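Visitor: Sharing input.tsv (TSV, C-alpha atoms) below.
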```tsv
chain	number	residue	atom	x	y	z
A	1319	MET	CA	-9.13	20.30	-50.23
A	1320	LYS	CA	-8.65	17.45	-47.79
A	1321	TYR	CA	-5.33	18.93	-46.73
A	1322	LEU	CA	-6.93	22.28	-46.18
A	1323	SER	CA	-9.49	20.81	-43.81
A	1324	LYS	CA	-6.71	19.00	-41.97
A	1325	LEU	CA	-4.80	22.24	-41.61
A	1326	ARG	CA	-7.91	23.95	-40.32
A	1327	TRP	CA	-8.19	21.27	-37.62
A	1328	LEU	CA	-4.55	21.71	-36.72
A	1329	PHE	CA	-5.11	25.45	-36.39
A	1330	LEU	CA	-8.13	24.85	-34.15
A	1331	ILE	CA	-6.18	22.47	-31.95
A	1332	CYS	CA	-3.36	25.02	-31.65
A	1333	VAL	CA	-5.83	27.69	-30.58
A	1334	CYS	CA	-7.32	25.35	-27.99
A	1335	LEU	CA	-3.87	24.56	-26.64
A	1336	LEU	CA	-2.85	28.19	-26.23
A	1337	PRO	CA	-4.17	28.57	-22.67
A	1338	LYS	CA	-2.10	25.53	-21.71
A	1339	PHE	CA	1.10	27.21	-22.79
A	1340	ALA	CA	0.05	30.33	-20.94
A	1341	LEU	CA	-0.08	28.20	-17.78
A	1342	ALA	CA	3.61	27.42	-18.06
A	1343	ALA	CA	4.47	30.58	-16.19
A	1344	ASP	CA	2.52	29.36	-13.15
A	1345	GLY	CA	5.28	26.90	-12.22
A	1346	ILE	CA	4.93	24.08	-9.74
A	1347	ASN	CA	2.21	23.71	-7.13
A	1348	ILE	CA	2.52	20.93	-4.55
A	1349	THR	CA	-0.34	20.14	-2.16
A	1350	ASP	CA	-1.57	17.43	0.25
A	1351	VAL	CA	1.93	16.67	1.48
A	1352	TRP	CA	1.75	14.06	4.21
A	1353	ALA	CA	3.18	10.93	5.80
A	1354	TRP	CA	1.79	8.41	8.29
A	1355	ALA	CA	3.01	8.69	11.86
A	1356	THR	CA	5.60	5.92	12.24
A	1357	PRO	CA	4.24	2.88	14.10
A	1358	GLY	CA	6.42	1.57	16.92
A	1359	GLN	CA	10.12	1.70	16.13
A	1360	ALA	CA	9.63	1.76	12.36
A	1361	THR	CA	12.44	3.67	10.66
A	1362	ASN	CA	11.09	3.69	7.10
A	1363	CYS	CA	8.18	5.75	5.89
A	1364	ALA	CA	6.53	7.06	2.74
A	1365	VAL	CA	5.70	10.66	1.84
A	1366	TYR	CA	2.63	11.36	-0.31
A	1367	LEU	CA	1.81	14.54	-2.23
A	1368	THR	CA	0.10	15.94	-5.31
A	1369	ILE	CA	2.04	17.87	-7.95
A	1370	ARG	CA	0.56	20.27	-10.48
A	1371	SER	CA	2.78	21.88	-13.06
A	1372	GLY	CA	2.09	24.48	-15.71
A	1373	GLU	CA	4.57	22.81	-18.03
A	1374	ASN	CA	5.76	19.28	-18.56
A	1375	ASP	CA	8.41	18.60	-15.96
A	1376	THR	CA	10.13	15.66	-14.29
A	1377	VAL	CA	10.78	14.85	-10.65
A	1378	LEU	CA	14.36	13.66	-10.48
A	1379	ALA	CA	15.08	13.29	-6.77
A	1380	ALA	CA	14.01	14.12	-3.22
A	1381	SER	CA	15.89	14.93	-0.05
A	1382	THR	CA	15.16	15.62	3.61
A	1383	PRO	CA	17.37	16.24	6.62
A	1384	ILE	CA	15.28	13.89	8.80
A	1385	ALA	CA	16.27	10.61	7.10
A	1386	ALA	CA	19.41	8.96	5.76
A	1387	SER	CA	17.87	8.73	2.31
A	1388	ALA	CA	14.85	9.81	0.29
A	1389	SER	CA	14.06	8.06	-2.96
A	1390	LEU	CA	11.30	7.94	-5.54
A	1391	HIS	CA	9.47	4.63	-5.31
A	1392	VAL	CA	6.50	2.93	-6.82
A	1393	HIS	CA	4.41	0.21	-5.24
A	1394	GLN	CA	3.20	-2.04	-8.01
A	1395	MET	CA	0.98	-5.06	-7.87
A	1396	VAL	CA	2.37	-7.80	-10.08
A	1397	ASP	CA	0.10	-10.87	-10.02
A	1398	GLY	CA	-1.18	-9.87	-6.57
A	1399	VAL	CA	2.33	-9.34	-5.21
A	1400	ALA	CA	3.25	-5.89	-3.93
A	1401	LYS	CA	6.64	-4.89	-5.23
A	1402	MET	CA	8.48	-1.78	-4.09
A	1403	MET	CA	10.56	-0.51	-6.91
A	1404	PRO	CA	12.81	2.53	-7.05
A	1405	VAL	CA	12.19	4.81	-10.04
A	1406	SER	CA	14.75	7.24	-11.40
A	1407	ARG	CA	12.23	9.85	-12.57
A	1408	VAL	CA	8.56	10.71	-12.46
A	1409	ASP	CA	7.13	12.64	-15.39
A	1410	ILE	CA	4.59	15.36	-14.64
A	1411	VAL	CA	2.29	16.33	-17.51
A	1412	ALA	CA	1.35	20.01	-17.76
A	1413	GLY	CA	-2.02	20.73	-16.21
A	1414	THR	CA	-2.58	17.16	-14.97
A	1415	PRO	CA	-2.30	16.64	-11.21
A	1416	PHE	CA	0.05	13.78	-10.37
A	1417	ARG	CA	-0.70	12.03	-7.11
A	1418	PHE	CA	1.84	10.28	-4.97
A	1419	ALA	CA	-0.58	8.22	-2.85
A	1420	PRO	CA	-0.70	5.02	-0.76
A	1421	MET	CA	-0.29	1.85	-2.84
A	1422	GLY	CA	1.19	3.86	-5.69
A	1423	TYR	CA	4.00	6.35	-6.12
A	1424	HIS	CA	5.63	7.57	-2.93
A	1425	ILE	CA	8.85	9.09	-1.68
A	1426	MET	CA	10.44	6.51	0.57
A	1427	LEU	CA	12.42	7.80	3.52
A	1428	ALA	CA	14.84	5.24	4.93
A	1429	LYS	CA	16.53	5.31	8.33
A	1430	LEU	CA	14.53	8.13	9.90
A	1431	ARG	CA	16.59	9.91	12.55
A	1432	ALA	CA	13.56	10.10	14.87
A	1433	PRO	CA	10.04	8.65	14.88
A	1434	LEU	CA	7.36	10.76	13.17
A	1435	LYS	CA	4.58	11.83	15.50
A	1436	ALA	CA	1.10	12.94	14.46
A	1437	GLY	CA	1.00	16.71	14.08
A	1438	ASP	CA	4.74	17.03	13.36
A	1439	THR	CA	5.93	18.72	10.20
A	1440	PHE	CA	9.27	18.31	8.47
A	1441	PRO	CA	10.91	19.75	5.35
A	1442	LEU	CA	11.33	17.88	2.08
A	1443	THR	CA	12.91	19.15	-1.12
A	1444	LEU	CA	11.99	17.86	-4.55
A	1445	GLN	CA	14.37	18.27	-7.47
A	1446	PHE	CA	12.65	19.01	-10.78
A	1447	ASP	CA	14.27	18.93	-14.18
A	1448	LYS	CA	12.96	22.38	-15.15
A	1449	ALA	CA	11.62	23.99	-11.97
A	1450	GLY	CA	14.74	23.16	-9.97
A	1451	SER	CA	14.49	22.67	-6.20
A	1452	VAL	CA	11.06	23.00	-4.64
A	1453	ALA	CA	10.78	22.81	-0.84
A	1454	VAL	CA	7.62	21.61	0.88
A	1455	LEU	CA	6.52	20.92	4.44
A	1456	VAL	CA	5.29	17.39	5.18
A	1457	SER	CA	2.45	17.01	7.71
A	1458	VAL	CA	2.43	13.84	9.80
A	1459	ARG	CA	-1.00	12.17	9.92
A	1460	PRO	CA	-2.17	10.08	12.87
A	1461	LEU	CA	-2.60	6.35	12.38
A	1462	ARG	CA	-6.09	4.97	12.93
A	1463	ASP	CA	-7.57	8.32	13.57
A	1464	ARG	CA	-10.89	7.87	15.31
A	1465	MET	CA	-12.41	11.07	14.00
A	1466	PRO	CA	-15.52	10.57	11.85
A	1467	THR	CA	-14.67	10.26	8.17
A	1468	ALA	CA	-16.61	13.46	7.42
A	1469	ALA	CA	-13.82	15.34	9.19
A	1470	MET	CA	-11.17	13.84	6.87
A	1471	SER	CA	-10.77	17.02	4.86
A	1472	ALA	CA	-10.02	18.96	8.03
A	1473	MET	CA	-7.27	16.56	9.06
A	1474	PRO	CA	-3.64	17.59	8.81
A	1475	GLY	CA	-2.25	16.56	5.49
A	1476	MET	CA	-5.61	15.82	3.92
A	1477	GLY	CA	-6.62	19.26	2.74
A	1478	SER	CA	-4.64	22.12	1.35
A	1479	MET	CA	-3.39	24.13	4.28
A	1480	PRO	CA	-1.29	27.26	4.44
A	1481	GLY	CA	2.38	26.42	4.42
A	1482	MET	CA	1.82	23.13	2.64
A	1483	SER	CA	1.92	24.40	-0.91
A	1484	GLY	CA	5.18	24.54	-2.72
A	1485	MET	CA	7.64	27.33	-2.15
A	1486	ASP	CA	9.97	27.68	-5.05
A	1487	MET	CA	13.46	27.97	-3.57
A	1488	SER	CA	15.06	28.47	-6.96
A	1489	LYS	CA	13.57	31.94	-7.25
B	402	MET	CA	-12.17	-42.14	-36.13
B	403	THR	CA	-9.01	-42.63	-34.06
B	404	ALA	CA	-7.77	-39.25	-35.29
B	405	TYR	CA	-11.01	-37.71	-34.07
B	406	LEU	CA	-10.68	-39.41	-30.68
B	407	LYS	CA	-7.07	-38.26	-30.44
B	408	THR	CA	-8.11	-34.66	-31.07
B	409	VAL	CA	-10.84	-34.85	-28.48
B	410	ALA	CA	-8.47	-36.44	-25.94
B	411	THR	CA	-5.77	-33.84	-26.61
B	412	GLY	CA	-8.33	-31.08	-26.24
B	413	PHE	CA	-9.52	-32.54	-22.96
B	414	VAL	CA	-5.99	-32.83	-21.58
B	415	LEU	CA	-5.19	-29.26	-22.65
B	416	ALA	CA	-8.36	-27.96	-21.02
B	417	LEU	CA	-7.48	-29.83	-17.81
B	418	PHE	CA	-3.99	-28.29	-17.85
B	419	ALA	CA	-5.44	-24.84	-18.38
B	420	LEU	CA	-7.82	-25.36	-15.48
B	421	LEU	CA	-5.02	-26.57	-13.20
B	422	ALA	CA	-2.77	-23.69	-14.24
B	423	TYR	CA	-5.58	-21.25	-13.56
B	424	ALA	CA	-6.23	-22.76	-10.13
B	425	ALA	CA	-2.51	-22.71	-9.28
B	426	TYR	CA	-2.24	-19.10	-10.43
B	427	GLY	CA	-5.22	-18.12	-8.28
B	428	ASN	CA	-3.72	-19.83	-5.25
B	429	PHE	CA	-0.30	-18.33	-5.76
B	430	THR	CA	-1.62	-14.80	-5.94
B	431	GLY	CA	-3.88	-15.30	-2.97
B	432	THR	CA	-6.94	-14.49	-5.00
B	433	ALA	CA	-8.55	-17.91	-4.81
B	434	ASN	CA	-12.07	-17.27	-3.64
B	435	ASN	CA	-13.46	-20.75	-3.22
B	436	ALA	CA	-13.94	-21.03	0.53
B	437	GLY	CA	-11.70	-23.56	2.26
B	438	VAL	CA	-8.77	-23.21	-0.12
B	439	VAL	CA	-6.99	-20.39	1.69
B	440	GLY	CA	-5.85	-20.71	5.30
B	441	GLY	CA	-5.34	-23.54	7.71
B	442	PRO	CA	-3.57	-24.47	10.90
B	443	PHE	CA	-0.55	-22.48	12.07
B	444	ALA	CA	1.63	-22.41	15.19
B	445	LEU	CA	3.38	-19.09	15.81
B	446	ILE	CA	4.46	-16.67	18.56
B	447	ASP	CA	2.33	-13.66	19.45
B	448	GLN	CA	3.50	-10.11	20.26
B	449	ASN	CA	3.72	-11.04	23.95
B	450	GLY	CA	6.09	-13.92	23.21
B	451	ARG	CA	3.47	-16.62	23.81
B	452	GLY	CA	3.09	-19.62	21.55
B	453	VAL	CA	-0.31	-19.59	19.82
B	454	THR	CA	-2.01	-21.76	17.24
B	455	SER	CA	-4.90	-21.20	14.85
B	456	ARG	CA	-7.11	-23.06	17.37
B	457	ASP	CA	-6.70	-20.22	19.85
B	458	PHE	CA	-8.60	-17.97	17.45
B	459	LYS	CA	-11.59	-20.28	16.93
B	460	GLY	CA	-14.79	-18.40	17.62
B	461	ARG	CA	-13.38	-15.10	16.32
B	462	TRP	CA	-13.77	-13.43	12.97
B	463	LEU	CA	-10.23	-12.79	11.76
B	464	ILE	CA	-8.82	-10.21	9.40
B	465	ILE	CA	-5.38	-11.50	8.53
B	466	TYR	CA	-2.72	-9.45	6.78
B	467	PHE	CA	0.85	-10.52	6.05
B	468	GLY	CA	3.49	-7.78	6.01
B	469	TYR	CA	6.61	-6.47	7.73
B	470	THR	CA	7.40	-3.52	9.96
B	471	HIS	CA	10.08	-2.03	7.68
B	472	CYS	CA	7.40	-1.67	4.99
B	473	PRO	CA	6.89	2.07	4.36
B	474	ASP	CA	3.73	2.16	2.26
B	475	ALA	CA	1.44	-0.87	1.89
B	476	CYS	CA	1.59	-2.27	5.45
B	477	PRO	CA	0.89	0.86	7.54
B	478	THR	CA	-1.82	1.84	5.06
B	479	ALA	CA	-3.47	-1.60	5.11
B	480	LEU	CA	-3.30	-1.88	8.93
B	481	ASN	CA	-4.69	1.63	9.25
B	482	THR	CA	-7.55	0.66	6.93
B	483	ILE	CA	-8.30	-2.44	9.03
B	484	GLY	CA	-8.26	-0.41	12.25
B	485	GLU	CA	-10.52	2.32	10.89
B	486	ALA	CA	-12.90	-0.27	9.40
B	487	ILE	CA	-13.18	-2.04	12.76
B	488	ASP	CA	-14.07	1.30	14.36
B	489	GLN	CA	-17.07	1.48	12.03
B	490	LEU	CA	-18.43	-2.01	12.86
B	491	GLY	CA	-20.58	-0.98	15.82
B	492	ALA	CA	-21.55	-3.95	18.00
B	493	LYS	CA	-19.88	-6.42	15.59
B	494	ARG	CA	-16.41	-5.04	16.31
B	495	ALA	CA	-16.31	-7.17	19.48
B	496	LEU	CA	-16.36	-10.30	17.27
B	497	VAL	CA	-13.34	-9.34	15.18
B	498	THR	CA	-9.61	-9.84	15.75
B	499	PRO	CA	-7.16	-8.29	13.29
B	500	ILE	CA	-3.96	-10.32	12.89
B	501	PHE	CA	-0.68	-9.12	11.39
B	502	ILE	CA	1.64	-11.98	10.46
B	503	THR	CA	5.20	-10.94	9.70
B	504	ILE	CA	6.95	-12.16	6.57
B	505	ASP	CA	10.23	-10.83	8.01
B	506	PRO	CA	10.72	-12.80	11.25
B	507	ALA	CA	14.46	-12.00	11.32
B	508	ARG	CA	13.74	-8.33	12.09
B	509	ASP	CA	10.18	-8.57	13.42
B	510	THR	CA	10.55	-10.13	16.84
B	511	ALA	CA	7.62	-10.31	19.27
B	512	ALA	CA	8.82	-7.11	20.98
B	513	VAL	CA	9.12	-5.22	17.67
B	514	LEU	CA	5.61	-6.34	16.67
B	515	LYS	CA	4.23	-5.32	20.04
B	516	SER	CA	5.37	-1.70	19.82
B	517	TYR	CA	4.51	-1.51	16.10
B	518	LEU	CA	0.94	-2.76	16.51
B	519	ALA	CA	0.27	-0.62	19.60
B	520	SER	CA	0.15	2.30	17.14
B	521	PHE	CA	-2.80	0.71	15.33
B	522	GLY	CA	-4.92	-0.32	18.31
B	523	PRO	CA	-5.08	-2.68	21.26
B	524	GLU	CA	-7.05	-5.41	19.46
B	525	PHE	CA	-4.29	-6.13	16.93
B	526	VAL	CA	-2.47	-9.44	17.30
B	527	GLY	CA	1.05	-9.73	15.85
B	528	LEU	CA	2.49	-13.12	14.95
B	529	THR	CA	6.09	-14.07	14.32
B	530	GLY	CA	8.01	-17.34	14.56
B	531	SER	CA	10.86	-19.37	13.18
B	532	ASP	CA	11.63	-19.07	9.47
B	533	GLY	CA	10.05	-22.49	8.99
B	534	ALA	CA	6.87	-21.66	10.93
B	535	ILE	CA	6.43	-18.39	9.02
B	536	ALA	CA	7.11	-20.12	5.69
B	537	SER	CA	4.47	-22.67	6.57
B	538	ALA	CA	1.91	-19.97	7.45
B	539	GLU	CA	2.70	-18.19	4.18
B	540	GLN	CA	2.14	-21.41	2.30
B	541	THR	CA	-1.16	-22.02	4.09
B	542	TYR	CA	-2.42	-18.61	3.00
B	543	HIS	CA	-0.77	-18.77	-0.45
B	544	VAL	CA	1.28	-15.71	0.43
B	545	TYR	CA	4.31	-14.91	-1.66
B	546	ALA	CA	7.23	-13.18	0.07
B	547	ALA	CA	10.78	-12.61	-1.15
B	548	LYS	CA	13.66	-10.42	-0.06
B	549	HIS	CA	15.26	-7.98	-2.41
B	550	SER	CA	18.33	-6.05	-1.35
B	551	THR	CA	18.45	-2.27	-1.37
B	552	PRO	CA	21.42	-0.03	-2.26
B	553	ASP	CA	22.05	0.81	1.42
B	554	GLY	CA	22.87	-2.82	2.19
B	555	SER	CA	19.49	-3.47	3.76
B	556	TYR	CA	16.52	-5.26	2.18
B	557	ASP	CA	12.86	-4.81	1.30
B	558	MET	CA	10.28	-7.53	0.88
B	559	ASP	CA	8.13	-8.18	-2.17
B	560	HIS	CA	4.97	-9.71	-0.83
B	561	SER	CA	1.32	-10.55	-1.43
B	562	SER	CA	-0.63	-7.67	0.05
B	563	VAL	CA	-4.09	-9.07	0.66
B	564	LEU	CA	-6.61	-8.93	3.52
B	565	TYR	CA	-8.05	-12.36	4.37
B	566	VAL	CA	-11.30	-12.74	6.28
B	567	MET	CA	-11.73	-16.01	8.21
B	568	ASP	CA	-14.94	-17.01	9.95
B	569	PRO	CA	-15.19	-18.28	13.58
B	570	GLN	CA	-14.64	-21.87	12.36
B	571	GLY	CA	-11.35	-20.81	10.79
B	572	THR	CA	-12.73	-21.10	7.27
B	573	PHE	CA	-11.71	-18.66	4.59
B	574	VAL	CA	-14.62	-16.37	3.72
B	575	SER	CA	-13.30	-13.57	1.55
B	576	ASN	CA	-10.29	-11.52	0.65
B	577	PHE	CA	-9.79	-7.88	-0.21
B	578	ALA	CA	-7.17	-5.94	-2.09
B	579	ASP	CA	-4.92	-3.78	0.10
B	580	GLU	CA	-6.15	-0.53	-1.46
B	581	ILE	CA	-9.72	-0.99	-0.18
B	582	ASP	CA	-10.90	2.04	1.79
B	583	PRO	CA	-12.01	1.73	5.44
B	584	ALA	CA	-15.69	2.50	4.80
B	585	THR	CA	-15.99	-0.11	2.03
B	586	LEU	CA	-14.19	-2.71	4.12
B	587	ALA	CA	-16.47	-1.96	7.10
B	588	ASN	CA	-19.58	-2.38	4.93
B	589	ARG	CA	-18.33	-5.67	3.48
B	590	LEU	CA	-17.50	-6.98	6.96
B	591	LYS	CA	-20.92	-5.95	8.27
B	592	SER	CA	-22.60	-7.98	5.55
B	593	LEU	CA	-20.29	-10.98	6.07
B	594	ILE	CA	-20.68	-11.12	9.86
B	595	PRO	CA	-24.22	-12.20	10.79
```
Represent the structure from my file as structure tokens, please.
Guide:
Amino acid sequence: MKYLSKLRWLFLICVCLLPKFALAADGINITDVWAWATPGQATNCAVYLTIRSGENDTVLAASTPIAASASLHVHQMVDGVAKMMPVSRVDIVAGTPFRFAPMGYHIMLAKLRAPLKAGDTFPLTLQFDKAGSVAVLVSVRPLRDRMPTAAMSAMPGMGSMPGMSGMDMSK
Amino acid sequence: MTAYLKTVATGFVLALFALLAYAAYGNFTGTANNAGVVGGPFALIDQNGRGVTSRDFKGRWLIIYFGYTHCPDACPTALNTIGEAIDQLGAKRALVTPIFITIDPARDTAAVLKSYLASFGPEFVGLTGSDGAIASAEQTYHVYAAKHSTPDGSYDMDHSSVLYVMDPQGTFVSNFADEIDPATLANRLKSLIP
């Protein structure tokens, strides 16, 4: 009897999960893709973005023509000390947005070929385990923007804008 | 009776050790919040190549952040936060000087700091100096900084990423984590600055 009730629960859970599996066909959606304008002669920068996936997937690598290297990094506070650590993979859970954001996960670009200026855009390609290559356009945000904070959502890179969502190149 | 005394004495010594360890830990991580513990005199070089000391900043409210210009994530974000917070201070903004002290003096010369900080605003002061002078400033503020090499033959810095607020007498008032948002920082500064 106990087993039967357990099975019934399992069945219920399976039914509840069905829509999640249905989402798998939706693929990868990448929004809010941005980087700070580079201050002075700085040649390193970080790219931030939000990834939504219909199925569990893994970010394996990133690349861009505008820098010598692009690597997955995490900024971690260990006893109040900020440590920048490369990571070999970032797991994306189906249906859960994963944010690369300041003071957390970011894609570090090293040795930029030119400074990034506010309003610029540049291409970046993410390599996923299942979804393959996904190309996005990174918007460059101004530093110390003096616009009122209420206008934040209208700023480049802060809201979802046409051309900023993921285009699946593998298709 | 002696056994009892011994236990009490041991307990006392252990408690003292724990207290000292806790205090040392707080200092090391830059999270000590008893005023007067963090900060002190320094003698460095500003972004214009002039020698300056902590005395030159007496009378100003300071927001001090230690970082380096090759830092891709924490430093530009923290400096941007400081700049945007200052913009929200109204009349009190005239009392505040933001200071960026490099933990990477080998690469961050006065000229490098000058062009870097110009992107954040004209009120920013950048400080560099000899390895010894920077090490001394780090020690004064209980800042931890260490190089770690990267695969491309370059290096990154692990470092304490904390905003320190000093009052016009040069006394430590408060500190904030680097992920604080500009509006919250502005509100905290407004309540700290009379």
Visitor: Chain B residues within 8 Å of chain A, counting only C-alpha atoms: which ones, as an MDAnalysis selection string?
Guide: chainID B and resid 430:432 470:475 477:478 481:482 484:485 488 513:522 545 557:563 579:580
Visitor: Restricted to C-alpha atoms, what would the selected residues look like written as an mmCIF file, in the frame of the given file?
Guide:
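File produced: again-v8.cif:
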```
data_model
loop_
_atom_site.group_PDB
_atom_site.id
_atom_site.type_symbol
_atom_site.label_atom_id
_atom_site.label_comp_id
_atom_site.auth_asym_id
_atom_site.auth_seq_id
_atom_site.Cartn_x
_atom_site.Cartn_y
_atom_site.Cartn_z
ATOM 1 C CA THR B 430 -1.620 -14.800 -5.940
ATOM 2 C CA GLY B 431 -3.880 -15.300 -2.970
ATOM 3 C CA THR B 432 -6.940 -14.490 -5.000
ATOM 4 C CA THR B 470 7.400 -3.520 9.960
ATOM 5 C CA HIS B 471 10.080 -2.030 7.680
ATOM 6 C CA CYS B 472 7.400 -1.670 4.990
ATOM 7 C CA PRO B 473 6.890 2.070 4.360
ATOM 8 C CA ASP B 474 3.730 2.160 2.260
ATOM 9 C CA ALA B 475 1.440 -0.870 1.890
ATOM 10 C CA PRO B 477 0.890 0.860 7.540
ATOM 11 C CA THR B 478 -1.820 1.840 5.060
ATOM 12 C CA ASN B 481 -4.690 1.630 9.250
ATOM 13 C CA THR B 482 -7.550 0.660 6.930
ATOM 14 C CA GLY B 484 -8.260 -0.410 12.250
ATOM 15 C CA GLU B 485 -10.520 2.320 10.890
ATOM 16 C CA ASP B 488 -14.070 1.300 14.360
ATOM 17 C CA VAL B 513 9.120 -5.220 17.670
ATOM 18 C CA LEU B 514 5.610 -6.340 16.670
ATOM 19 C CA LYS B 515 4.230 -5.320 20.040
ATOM 20 C CA SER B 516 5.370 -1.700 19.820
ATOM 21 C CA TYR B 517 4.510 -1.510 16.100
ATOM 22 C CA LEU B 518 0.940 -2.760 16.510
ATOM 23 C CA ALA B 519 0.270 -0.620 19.600
ATOM 24 C CA SER B 520 0.150 2.300 17.140
ATOM 25 C CA PHE B 521 -2.800 0.710 15.330
ATOM 26 C CA GLY B 522 -4.920 -0.320 18.310
ATOM 27 C CA TYR B 545 4.310 -14.910 -1.660
ATOM 28 C CA ASP B 557 12.860 -4.810 1.300
ATOM 29 C CA MET B 558 10.280 -7.530 0.880
ATOM 30 C CA ASP B 559 8.130 -8.180 -2.170
ATOM 31 C CA HIS B 560 4.970 -9.710 -0.830
ATOM 32 C CA SER B 561 1.320 -10.550 -1.430
ATOM 33 C CA SER B 562 -0.630 -7.670 0.050
ATOM 34 C CA VAL B 563 -4.090 -9.070 0.660
ATOM 35 C CA ASP B 579 -4.920 -3.780 0.100
ATOM 36 C CA GLU B 580 -6.150 -0.530 -1.460
#
```
Visitor: Ranking B:Leu528, B:Ala536, B:Val497, B:Val439 by minimum distance to Ala511 in chain B and counting all atoms listed in the file, which one comes first?
Guide: B:Leu528
Visitor: Between CA of Asp1409 in chain A and CA of Pro552 in chain B, what is the distance in Å, rounded to a tenth?
Guide: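 So the two atoms, CA of Asp1409 in chain A and CA of Pro552 in chain B, lie 23.2 Å apart.
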Visitor: Give me the residues within 8 Å of Thr1382 in chain A as a PyMOL selection string, counting all atoms listed in the file and dropping any in the same chain fewer than 5 places off.
Guide: chain A and resi 1387-1388+1441-1443
Visitor: Which one is closest to Leu1430 in chain A: A:Ala1385, A:Leu1444, A:Leu1378, A:Val1405? Count all atoms listed in the file.
Guide: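 Using all atoms listed in the file, Leu1430 in chain A sits closest to A:Ala1385.
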Visitor: I want to know what sits within 10 Å of range 450-466 of chain B, based on all atoms listed in the file, with residues of the same chain fewer than 2 positions away left out; could you give that as a count of residues only?
Guide: 60
Visitor: Skip Ala1379 in chain A itself and residues of its chain fewer than 3 positions away, then list as a list of chain:residue names all residues within 7 Å of it, counting only C-alpha atoms.
Guide: A:Ser1389, A:Leu1390, A:Leu1444, A:Gln1445
Visitor: From the options A:Gly1372, A:Ile1348, A:Val1408, A:Pro1383, which residue's atoms come nearest to Asp1447 in chain A, counting only C-alpha atoms?
Guide: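 Counting only C-alpha atoms, the residue closest to Asp1447 in chain A is A:Val1408.
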Visitor: How many Å lie between CA of Ala1412 in chain A and CA of Leu1367 in chain A, rounded to one decimal?
Guide: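 Calculated distance between CA of Ala1412 in chain A and CA of Leu1367 in chain A is 16.5 Å.
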Visitor: What box, with edges along x, y and z, holds each listed atom of range 1414-1422 of chain A when 5 Å is added on every side, and can you state its centre and edge lengths in Å to one decimal, as AutoDock Vina command-line options?
Guide:
```
--center_x -0.4 --center_y 9.5 --center_z -7.9 --size_x 14.4 --size_y 25.3 --size_z 24.2
```
Visitor: So how many Å separate CA of Leu1455 in chain A and CA of Thr1414 in chain A, to one decimal?
Guide: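 Between these atoms lies a distance of 21.8 Å.
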Visitor: Would you mind listing what lies within 9 Å of range 490-492 of chain B as a PyMOL selection string, with all atoms listed in the file counted and same-chain residues fewer than 5 positions away left out?
Guide: chain B and resi 587-588+590-591
Visitor: Quick one: of B:Ala584, B:Asp505, B:Gln489, B:Asn449, who's nearest to His549 in chain B, counting all atoms listed in the file?
Guide: B:Asp505
